[in-house]
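Trainee: Contents of input.cif (mmCIF, C-alpha atoms) are given next:
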data_final
#
loop_
_atom_site.label_atom_id
_atom_site.label_comp_id
_atom_site.auth_asym_id
_atom_site.auth_seq_id
_atom_site.Cartn_x
_atom_site.Cartn_y
_atom_site.Cartn_z
CA MET A 15 0.00 0.00 0.00
CA LYS A 16 1.65 3.10 -1.33
CA GLU A 17 0.78 5.58 1.46
CA LEU A 18 1.86 3.15 4.18
CA ILE A 19 5.13 2.31 2.43
CA GLU A 20 5.85 6.03 2.09
CA ALA A 21 5.00 6.62 5.75
CA ILE A 22 7.40 3.85 6.81
CA GLN A 23 10.12 5.26 4.54
CA ASN A 24 9.66 8.84 5.66
CA ARG A 25 8.59 8.48 9.27
CA GLY A 26 9.64 5.00 10.38
CA VAL A 27 12.82 4.38 12.35
CA GLY A 28 14.95 1.26 11.97
CA ILE A 29 16.80 0.16 15.09
CA GLY A 30 19.44 -2.56 15.19
CA ARG A 31 18.69 -5.48 12.89
CA ASP A 32 15.04 -6.12 13.62
CA VAL A 33 13.12 -3.22 15.21
CA VAL A 34 10.83 -1.18 12.95
CA LYS A 35 9.54 1.77 14.95
CA VAL A 36 6.34 3.25 13.58
CA ASP A 37 5.31 4.93 16.81
CA SER A 38 4.84 8.30 15.18
CA PHE A 39 1.95 7.23 12.95
CA LEU A 40 0.75 3.73 13.78
CA ASN A 41 1.10 2.48 17.32
CA HIS A 42 1.56 5.28 19.81
CA ARG A 43 0.58 8.36 17.87
CA ILE A 44 -1.99 7.43 15.21
CA ASP A 45 -2.19 9.19 11.85
CA VAL A 46 -5.97 8.90 11.66
CA ALA A 47 -6.31 9.57 7.92
CA LEU A 48 -3.72 6.87 7.22
CA ALA A 49 -5.36 4.43 9.65
CA THR A 50 -8.68 5.03 7.91
CA ARG A 51 -7.09 4.39 4.51
CA ILE A 52 -5.45 1.21 5.82
CA GLY A 53 -8.87 -0.06 6.90
CA GLN A 54 -10.30 0.69 3.47
CA GLU A 55 -7.43 -1.16 1.79
CA ILE A 56 -7.84 -4.27 3.96
CA ALA A 57 -11.61 -4.17 3.50
CA ALA A 58 -11.26 -3.94 -0.28
CA ALA A 59 -9.17 -7.12 -0.30
CA PHE A 60 -11.72 -9.09 1.75
CA LYS A 61 -14.96 -7.46 0.61
CA ASP A 62 -16.29 -10.58 -1.14
CA ASP A 63 -15.45 -13.00 1.66
CA GLY A 64 -18.48 -12.57 3.88
CA VAL A 65 -16.44 -11.37 6.87
CA GLU A 66 -18.71 -11.12 9.92
CA CYS A 67 -16.27 -10.02 12.59
CA ILE A 68 -12.77 -8.56 12.98
CA LEU A 69 -10.55 -10.11 15.66
CA THR A 70 -7.45 -8.35 16.98
CA VAL A 71 -5.48 -8.09 20.20
CA GLU A 72 -5.09 -5.04 22.40
CA ALA A 73 -3.71 -2.47 22.16
CA SER A 74 -2.10 -1.39 18.93
CA GLY A 75 -4.26 -3.55 16.65
CA ILE A 76 -7.46 -1.82 17.72
CA ALA A 77 -7.22 1.28 15.51
CA VAL A 78 -6.79 -0.56 12.20
CA ALA A 79 -9.26 -3.28 13.24
CA LEU A 80 -11.82 -0.54 13.79
CA THR A 81 -11.22 1.24 10.49
CA THR A 82 -11.37 -2.11 8.64
CA ALA A 83 -14.69 -2.89 10.33
CA GLN A 84 -16.03 0.54 9.36
CA ALA A 85 -15.08 -0.08 5.74
CA LEU A 86 -16.76 -3.50 5.82
CA GLY A 87 -20.10 -1.95 6.78
CA ASN A 88 -19.66 -1.60 10.55
CA ILE A 89 -19.21 -5.25 11.42
CA PRO A 90 -18.14 -5.82 15.05
CA VAL A 91 -14.55 -5.79 16.32
CA VAL A 92 -13.50 -8.12 19.10
CA PHE A 93 -10.17 -7.42 20.74
CA ALA A 94 -8.51 -10.11 22.82
CA LYS A 95 -7.50 -8.87 26.24
CA LYS A 96 -4.11 -9.26 27.83
CA GLY A 97 -3.10 -9.09 31.44
CA ASP A 98 -5.12 -9.21 34.58
CA PRO A 99 -8.41 -11.06 34.09
CA ARG A 100 -10.16 -9.43 37.06
CA ASN A 101 -12.75 -7.68 34.93
CA VAL A 102 -13.07 -10.42 32.31
CA SER A 103 -15.76 -13.07 32.45
CA ALA A 104 -14.60 -16.52 33.54
CA ASP A 105 -16.20 -17.95 30.43
CA VAL A 106 -13.37 -17.21 28.04
CA TYR A 107 -11.19 -18.77 25.40
CA THR A 108 -7.52 -18.33 26.23
CA ALA A 109 -4.23 -18.68 24.38
CA GLN A 110 -0.61 -18.11 25.29
CA VAL A 111 1.33 -15.51 23.29
CA TYR A 112 5.06 -15.04 23.52
CA SER A 113 6.24 -11.52 22.72
CA PHE A 114 9.72 -11.16 21.26
CA THR A 115 9.55 -7.41 21.78
CA HIS A 116 8.86 -7.70 25.47
CA GLN A 117 10.42 -11.17 25.94
CA THR A 118 7.49 -12.28 28.02
CA SER A 119 4.69 -14.77 27.63
CA SER A 120 1.17 -13.57 28.23
CA THR A 121 -2.32 -14.98 28.19
CA ILE A 122 -4.89 -13.48 25.85
CA ARG A 123 -8.58 -13.93 26.50
CA VAL A 124 -11.77 -13.64 24.50
CA ASP A 125 -15.25 -13.95 25.99
CA ARG A 126 -16.85 -17.07 24.52
CA SER A 127 -20.05 -15.29 23.60
CA TYR A 128 -18.37 -12.97 21.10
CA ILE A 129 -16.87 -15.53 18.71
CA THR A 130 -19.34 -18.20 17.76
CA GLU A 131 -19.32 -21.42 15.78
CA GLY A 132 -19.12 -20.90 12.03
CA MET A 133 -18.57 -17.15 12.31
CA ARG A 134 -16.39 -15.85 9.47
CA VAL A 135 -13.58 -13.92 11.13
CA LEU A 136 -10.79 -11.77 9.73
CA ILE A 137 -7.75 -11.25 11.96
CA VAL A 138 -6.26 -7.74 11.75
CA ASP A 139 -3.10 -6.55 13.49
CA ASP A 140 -0.45 -3.88 13.16
CA PHE A 141 2.60 -6.18 12.88
CA LEU A 142 3.47 -9.67 11.73
CA ALA A 143 6.93 -10.80 12.81
CA ASN A 144 7.19 -14.31 14.22
CA GLY A 145 3.43 -14.62 14.16
CA GLU A 146 2.79 -15.48 17.81
CA ALA A 147 -0.09 -13.04 18.23
CA ILE A 148 -1.83 -14.40 15.14
CA ASP A 149 -1.15 -17.99 16.30
CA GLY A 150 -2.88 -17.12 19.58
CA LEU A 151 -5.85 -15.56 17.83
CA MET A 152 -6.10 -18.57 15.48
CA SER A 153 -6.08 -20.89 18.49
CA ILE A 154 -9.05 -18.97 19.89
CA LEU A 155 -10.89 -19.28 16.56
CA ARG A 156 -10.29 -23.05 16.54
CA GLN A 157 -11.58 -23.35 20.10
CA ALA A 158 -14.71 -21.43 19.04
CA ARG A 159 -15.04 -23.46 15.81
CA ALA A 160 -15.17 -20.19 13.96
CA GLU A 161 -13.91 -19.84 10.43
CA LEU A 162 -10.69 -17.98 9.70
CA VAL A 163 -11.07 -15.91 6.53
CA GLY A 164 -7.51 -14.57 6.63
CA ALA A 165 -5.07 -12.35 8.45
CA ALA A 166 -4.34 -8.77 7.43
CA VAL A 167 -1.44 -6.80 8.87
CA CYS A 168 -0.03 -3.37 8.26
CA VAL A 169 3.65 -4.27 8.44
CA GLU A 170 5.19 -7.70 7.89
CA LYS A 171 8.78 -8.28 8.85
CA GLY A 172 9.73 -10.35 5.81
CA PHE A 173 12.98 -11.42 7.45
CA GLN A 174 11.16 -13.19 10.27
CA GLU A 175 9.30 -16.44 9.91
CA GLY A 176 5.66 -15.68 10.78
CA GLY A 177 4.36 -14.80 7.32
CA LYS A 178 6.11 -17.72 5.62
CA ARG A 179 4.87 -20.19 8.23
CA LEU A 180 1.26 -18.96 8.13
CA ARG A 181 1.16 -19.05 4.32
CA ALA A 182 2.60 -22.59 4.35
CA GLN A 183 -0.34 -23.53 6.61
CA GLY A 184 -2.70 -22.21 3.94
CA VAL A 185 -3.65 -19.01 5.75
CA ARG A 186 -4.45 -16.12 3.44
CA VAL A 187 -2.12 -13.36 4.67
CA LEU A 188 -2.36 -9.78 3.45
CA SER A 189 0.55 -7.49 4.35
CA LEU A 190 0.21 -3.86 3.31
CA ALA A 191 3.96 -3.30 3.62
CA THR A 192 6.82 -5.78 3.94
CA VAL A 193 10.16 -4.90 5.49
CA ASP A 194 12.93 -7.03 4.03
CA ALA A 195 15.78 -5.81 6.20
CA ILE A 196 17.10 -3.08 8.44
CA ARG A 197 20.61 -1.91 7.61
CA ASP A 198 22.43 0.96 9.31
CA GLY A 199 19.14 2.33 10.57
CA GLN A 200 17.61 2.21 7.11
CA ILE A 201 14.38 0.30 6.57
CA ILE A 202 14.53 -1.72 3.35
CA LEU A 203 10.99 -2.18 2.03
CA ARG A 204 9.91 -4.76 -0.52
CA PRO A 205 8.56 -3.10 -3.68
CA GLU A 206 4.80 -3.28 -3.81
CA GLU A 207 3.46 -6.13 -5.90
CA PRO A 208 0.51 -5.54 -8.19
CA ARG A 209 -2.43 -7.28 -6.57
CA ALA A 210 -4.25 -10.09 -8.37
CA MET B 29 -26.50 10.41 24.13
CA LYS B 30 -29.62 8.47 23.35
CA GLU B 31 -28.11 5.49 21.48
CA LEU B 32 -25.46 4.95 24.14
CA ILE B 33 -27.96 5.18 26.99
CA GLU B 34 -30.14 2.62 25.21
CA ALA B 35 -27.17 0.34 24.62
CA ILE B 36 -26.27 0.48 28.33
CA GLN B 37 -29.88 -0.20 29.30
CA ASN B 38 -30.33 -3.08 26.86
CA ARG B 39 -26.88 -4.60 26.69
CA GLY B 40 -24.99 -3.42 29.79
CA VAL B 41 -24.65 -5.59 32.88
CA GLY B 42 -24.58 -4.21 36.41
CA ILE B 43 -22.54 -6.22 38.90
CA GLY B 44 -22.52 -5.61 42.64
CA ARG B 45 -22.70 -1.95 43.56
CA ASP B 46 -20.18 -0.41 41.22
CA VAL B 47 -19.32 -2.48 38.14
CA VAL B 48 -20.88 -1.46 34.83
CA LYS B 49 -20.01 -4.09 32.26
CA VAL B 50 -20.25 -2.84 28.67
CA ASP B 51 -17.98 -5.50 27.23
CA SER B 52 -20.48 -6.50 24.59
CA PHE B 53 -20.43 -3.20 22.73
CA LEU B 54 -17.72 -0.88 24.05
CA ASN B 55 -14.60 -2.40 25.52
CA HIS B 56 -14.07 -5.98 24.46
CA ARG B 57 -16.46 -6.39 21.56
CA ILE B 58 -16.95 -3.03 19.83
CA ASP B 59 -20.22 -2.04 18.18
CA VAL B 60 -18.51 -0.11 15.39
CA ALA B 61 -21.54 1.91 14.27
CA LEU B 62 -22.13 3.01 17.87
CA ALA B 63 -18.43 3.82 18.40
CA THR B 64 -18.51 5.93 15.24
CA ARG B 65 -21.63 7.76 16.46
CA ILE B 66 -19.98 8.35 19.85
CA GLY B 67 -17.03 9.97 18.11
CA GLN B 68 -19.36 12.22 16.13
CA GLU B 69 -21.20 13.24 19.29
CA ILE B 70 -17.99 14.12 21.16
CA ALA B 71 -16.65 15.96 18.12
CA ALA B 72 -19.85 18.00 17.80
CA ALA B 73 -19.48 19.22 21.39
CA PHE B 74 -15.86 20.34 20.87
CA LYS B 75 -15.94 21.35 17.20
CA ASP B 76 -15.35 25.06 17.88
CA ASP B 77 -12.52 24.56 20.36
CA GLY B 78 -9.59 24.20 18.01
CA VAL B 79 -8.71 20.70 19.20
CA GLU B 80 -5.40 19.63 17.66
CA CYS B 81 -4.91 16.20 19.20
CA ILE B 82 -6.86 13.51 21.06
CA LEU B 83 -5.13 11.93 24.05
CA THR B 84 -6.27 8.62 25.53
CA VAL B 85 -4.79 5.62 27.29
CA GLU B 86 -4.58 2.09 25.98
CA ALA B 87 -6.50 -0.06 25.42
CA SER B 88 -10.21 0.54 25.64
CA GLY B 89 -10.06 4.29 25.02
CA ILE B 90 -8.50 3.86 21.59
CA ALA B 91 -11.65 3.09 19.59
CA VAL B 92 -13.64 6.14 20.66
CA ALA B 93 -10.54 8.35 20.54
CA LEU B 94 -10.10 7.32 16.94
CA THR B 95 -13.71 7.93 15.91
CA THR B 96 -13.64 11.33 17.64
CA ALA B 97 -10.47 12.22 15.74
CA GLN B 98 -12.08 11.13 12.47
CA ALA B 99 -15.07 13.37 13.15
CA LEU B 100 -12.78 16.30 13.97
CA GLY B 101 -11.15 16.11 10.54
CA ASN B 102 -8.57 13.36 11.11
CA ILE B 103 -6.53 15.03 13.82
CA PRO B 104 -3.95 12.72 15.44
CA VAL B 105 -4.64 10.38 18.35
CA VAL B 106 -1.95 9.75 20.95
CA PHE B 107 -2.50 6.85 23.30
CA ALA B 108 -0.51 6.63 26.50
CA LYS B 109 1.17 3.26 26.93
CA LYS B 110 1.01 1.09 29.99
CA GLY B 111 3.27 -1.69 31.10
CA ASP B 112 6.70 -2.70 29.99
CA PRO B 113 8.62 0.24 28.51
CA ARG B 114 11.04 -1.91 26.49
CA ASN B 115 9.86 -0.64 23.14
CA VAL B 116 9.13 2.92 24.27
CA SER B 117 11.61 5.74 23.84
CA ALA B 118 13.39 6.86 27.01
CA ASP B 119 12.33 10.40 26.25
CA VAL B 120 8.84 10.17 27.72
CA TYR B 121 6.46 11.90 30.07
CA THR B 122 5.22 9.53 32.75
CA ALA B 123 2.43 9.49 35.30
CA GLN B 124 1.21 7.00 37.90
CA VAL B 125 -2.34 5.69 37.56
CA TYR B 126 -4.10 3.62 40.20
CA SER B 127 -6.77 1.31 38.85
CA PHE B 128 -9.65 0.45 41.15
CA THR B 129 -10.77 -2.26 38.75
CA HIS B 130 -7.44 -4.04 38.85
CA GLN B 131 -6.31 -2.73 42.24
CA THR B 132 -2.87 -1.99 40.91
CA SER B 133 -0.82 1.09 40.23
CA SER B 134 0.75 1.43 36.83
CA THR B 135 2.92 3.88 34.97
CA ILE B 136 1.63 5.43 31.77
CA ARG B 137 4.03 6.91 29.25
CA VAL B 138 3.82 9.32 26.34
CA ASP B 139 6.71 10.10 24.02
CA ARG B 140 7.64 13.76 24.51
CA SER B 141 7.65 14.52 20.83
CA TYR B 142 3.92 13.81 20.39
CA ILE B 143 2.48 16.31 22.88
CA THR B 144 4.01 19.74 22.48
CA GLU B 145 3.85 23.07 24.25
CA GLY B 146 0.63 24.97 23.63
CA MET B 147 -1.03 22.07 21.78
CA ARG B 148 -4.80 22.05 22.33
CA VAL B 149 -5.62 18.53 23.52
CA LEU B 150 -8.93 16.78 24.19
CA ILE B 151 -8.80 13.75 26.50
CA VAL B 152 -11.15 10.93 25.47
CA ASP B 153 -11.76 7.72 27.39
CA ASP B 154 -14.38 5.02 27.76
CA PHE B 155 -15.02 5.40 31.52
CA LEU B 156 -14.83 8.05 34.22
CA ALA B 157 -15.09 6.64 37.74
CA ASN B 158 -12.63 7.99 40.27
CA GLY B 159 -10.80 9.84 37.54
CA GLU B 160 -7.31 8.42 38.01
CA ALA B 161 -6.68 7.79 34.32
CA ILE B 162 -7.70 11.33 33.42
CA ASP B 163 -5.58 12.69 36.30
CA GLY B 164 -2.61 10.84 34.84
CA LEU B 165 -3.26 12.17 31.34
CA MET B 166 -3.69 15.71 32.72
CA SER B 167 -0.37 15.38 34.52
CA ILE B 168 1.27 14.51 31.20
CA LEU B 169 -0.34 17.56 29.57
CA ARG B 170 0.98 19.81 32.36
CA GLN B 171 4.47 18.37 31.96
CA ALA B 172 4.27 19.09 28.24
CA ARG B 173 2.77 22.57 28.85
CA ALA B 174 -0.01 21.59 26.49
CA GLU B 175 -3.49 23.02 26.82
CA LEU B 176 -6.33 20.84 28.11
CA VAL B 177 -9.50 21.60 26.15
CA GLY B 178 -11.63 19.13 28.10
CA ALA B 179 -12.31 15.51 28.85
CA ALA B 180 -14.96 13.46 27.09
CA VAL B 181 -16.03 10.03 28.29
CA CYS B 182 -18.62 7.53 27.19
CA VAL B 183 -19.77 6.43 30.63
CA GLU B 184 -19.45 8.39 33.86
CA LYS B 185 -20.11 6.64 37.14
CA GLY B 186 -22.00 9.47 38.79
CA PHE B 187 -21.77 7.78 42.19
CA GLN B 188 -17.99 7.99 42.19
CA GLU B 189 -16.01 11.13 42.71
CA GLY B 190 -14.00 11.65 39.52
CA GLY B 191 -16.46 13.79 37.57
CA LYS B 192 -17.33 16.01 40.51
CA ARG B 193 -13.67 16.55 41.39
CA LEU B 194 -12.62 17.35 37.80
CA ARG B 195 -15.50 19.81 37.32
CA ALA B 196 -14.62 21.50 40.63
CA GLN B 197 -11.13 21.98 39.20
CA GLY B 198 -12.67 23.77 36.23
CA VAL B 199 -12.18 20.96 33.74
CA ARG B 200 -14.86 20.81 31.05
CA VAL B 201 -16.16 17.24 31.32
CA LEU B 202 -18.53 15.72 28.77
CA SER B 203 -20.16 12.42 29.72
CA LEU B 204 -22.36 10.81 27.10
CA ALA B 205 -24.09 8.65 29.70
CA THR B 206 -24.10 8.85 33.49
CA VAL B 207 -24.80 5.88 35.72
CA ASP B 208 -26.29 7.01 39.01
CA ALA B 209 -26.43 3.65 40.75
CA ILE B 210 -26.47 -0.10 40.35
CA ARG B 211 -29.22 -1.88 42.26
CA ASP B 212 -29.95 -5.61 42.12
CA GLY B 213 -28.05 -5.86 38.87
CA GLN B 214 -30.00 -2.98 37.33
CA ILE B 215 -28.12 -0.02 35.93
CA ILE B 216 -29.84 3.24 36.90
CA LEU B 217 -29.04 5.86 34.28
CA ARG B 218 -29.43 9.59 34.73
CA PRO B 219 -31.98 11.04 32.28
CA GLU B 220 -30.27 12.86 29.45
CA GLU B 221 -30.07 16.60 29.92
CA PRO B 222 -30.76 18.86 26.98
CA ARG B 223 -27.43 20.30 25.93
CA ALA B 224 -26.83 24.06 25.98
#
Translate the structure of the given file into structure tokens.
Mentor:
Amino acid sequence: MKELIEAIQNRGVGIGRDVVKVDSFLNHRIDVALATRIGQEIAAAFKDDGVECILTVEASGIAVALTTAQALGNIPVVFAKKGDPRNVSADVYTAQVYSFTHQTSSTIRVDRSYITEGMRVLIVDDFLANGEAIDGLMSILRQARAELVGAAVCVEKGFQEGGKRLRAQGVRVLSLATVDAIRDGQIILRPEEPRA
Amino acid sequence: MKELIEAIQNRGVGIGRDVVKVDSFLNHRIDVALATRIGQEIAAAFKDDGVECILTVEASGIAVALTTAQALGNIPVVFAKKGDPRNVSADVYTAQVYSFTHQTSSTIRVDRSYITEGMRVLIVDDFLANGEAIDGLMSILRQARAELVGAAVCVEKGFQEGGKRLRAQGVRVLSLATVDAIRDGQIILRPEEPRA
């Protein structure tokens, strides 16, 4: 997606060999026009797939999940919760997610009443690196016997294994921008492929 | 706000004397049409105030912050981060926030470059109870010498002290729905006042 690739080039920061910092427009400060456009782009790719619900995980997936849901005709968004379950119903699906960024494992939870059997669900998130968050969300969908339509992410780290592994499993993965490498602080982006 | 009051009446769950559960449409599963309408309603109230930025705190404030920002012409949203600071710049404003729900104190952080001196900022959040989250966000605005335009929340717990205390300090507080009490699982909502 042209605008996102330009934003990463102009406003993203590469750190070390594997950190892509997009805090200034995607996951701390949100460029709202860009987030809205991202939602429209994801929605356009899945518009004929009968998506009934968007599933993401708090916190930084929420903005683009919401704009995608708006563009798909205001279907509901469910965001999996992390952390303390005090205010979460006991009747939940859970999955373990390991975060490379934070080097911690955490439990994500989704109330069982919000994802139901046969529901056609699109996973949306900001990043795809090793794919643990999406694995966790897919585990919740399997527990609910819901149907995974695909997974759409803003930024895929092409040099990590998540995207490759998910595609090998037959998951339809849409990445709006793919980072191939980070060298000397420069973010090397894969040229955009014309979409089929 | 009529639609929100109806949603709380029809879909909210009152627990004990002080828990208002709106998980099914506001802060776990999001009713996207309602969230979009909430943003329009908040924006309408602050449309002449030159708001330049929306400030909220992750996670459940993000959706309504985003829809408010859309309705104010795609101004930026900044969400304060909680938890592990590993992936957050060291150059941050911080504040302590005590959560009654989780009975824990946590540090929230905002990168200094996103809130600047003189910036006119509207705080948006899902809930106002004792007001600790808004206190924390206001502390960050003071540190940044930014200008607080007001605070807009979806649900105010009128039986807790936050709203009263903030208004006594001269803060312009907009609550789209006010819960006056919870009795036998029933949520007692304050009748909507005609707006000046």
Trainee: Just say which residues the PyMOL selection byres ((chain A) within 10 of (chain B)) picks in this file, as a count of residues only.
Mentor: 59
Trainee: Once you count all atoms listed in the file, which residues end up no further than 6 Å from (-11.9, 16.0, 32.5) in the file's frame, shown as a PyMOL selection string?
Mentor: chain B and resi 178-179+194+199-201
Trainee: So which residues touch B:Gly186 within 8 Å, counting all atoms listed in the file, skipping near sequence neighbours fewer than 3 positions away, as a list in words?
Mentor: Ala157, Glu189, Gly191, Thr206, Val207, Asp208 and Ala209 of chain B
Trainee: Evaluate the PyMOL selection byres ((chain B and resi 169) around 10) and record the selected residues as a ChimeraX atom specification, following the chain and residue labels used in the document.
Mentor: /B:83,121,138,143-149,151,163-168,170-176
Trainee: In Å to one decimal, how far is atom CA of A:Val111 from atom CA of A:Leu142?
Mentor: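 Taking atom CA of A:Leu142 and atom CA of A:Val111, their separation equals 13.1 Å.
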Trainee: Report, in Å with one decimal, the straight-line distance from atom CA of B:Ala123 to atom CA of B:Ala161.
Mentor: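 Atom CA of B:Ala161 lies at a distance of 9.3 Å from atom CA of B:Ala123.
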Trainee: Where does the PyMOL selection byres ((chain A and resi 18-22) around 8) land in this file, that is, which residues does it pick, as a count of residues only?
Mentor: 17
Trainee: Set the distance at 10 Å and use only C-alpha atoms: which residues neighbour B:Ala72 once local chain neighbours fewer than 3 positions away are removed? I'd like the list as a tab-separated table (two decimals) with C-alpha atoms, in the coordinates of the input.
Mentor:
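File written: around.tsv
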chain	number	residue	atom	x	y	z
B	66	ILE	CA	-19.98	8.35	19.85
B	67	GLY	CA	-17.03	9.97	18.11
B	68	GLN	CA	-19.36	12.22	16.13
B	69	GLU	CA	-21.20	13.24	19.29
B	75	LYS	CA	-15.94	21.35	17.20
B	76	ASP	CA	-15.35	25.06	17.88
B	96	THR	CA	-13.64	11.33	17.64
B	99	ALA	CA	-15.07	13.37	13.15
B	100	LEU	CA	-12.78	16.30	13.97
Trainee: For atom CA of A:Leu188 and atom CA of A:Val167, determine how far apart the two atoms are, in Å to one decimal place.
Mentor: 6.3 Å
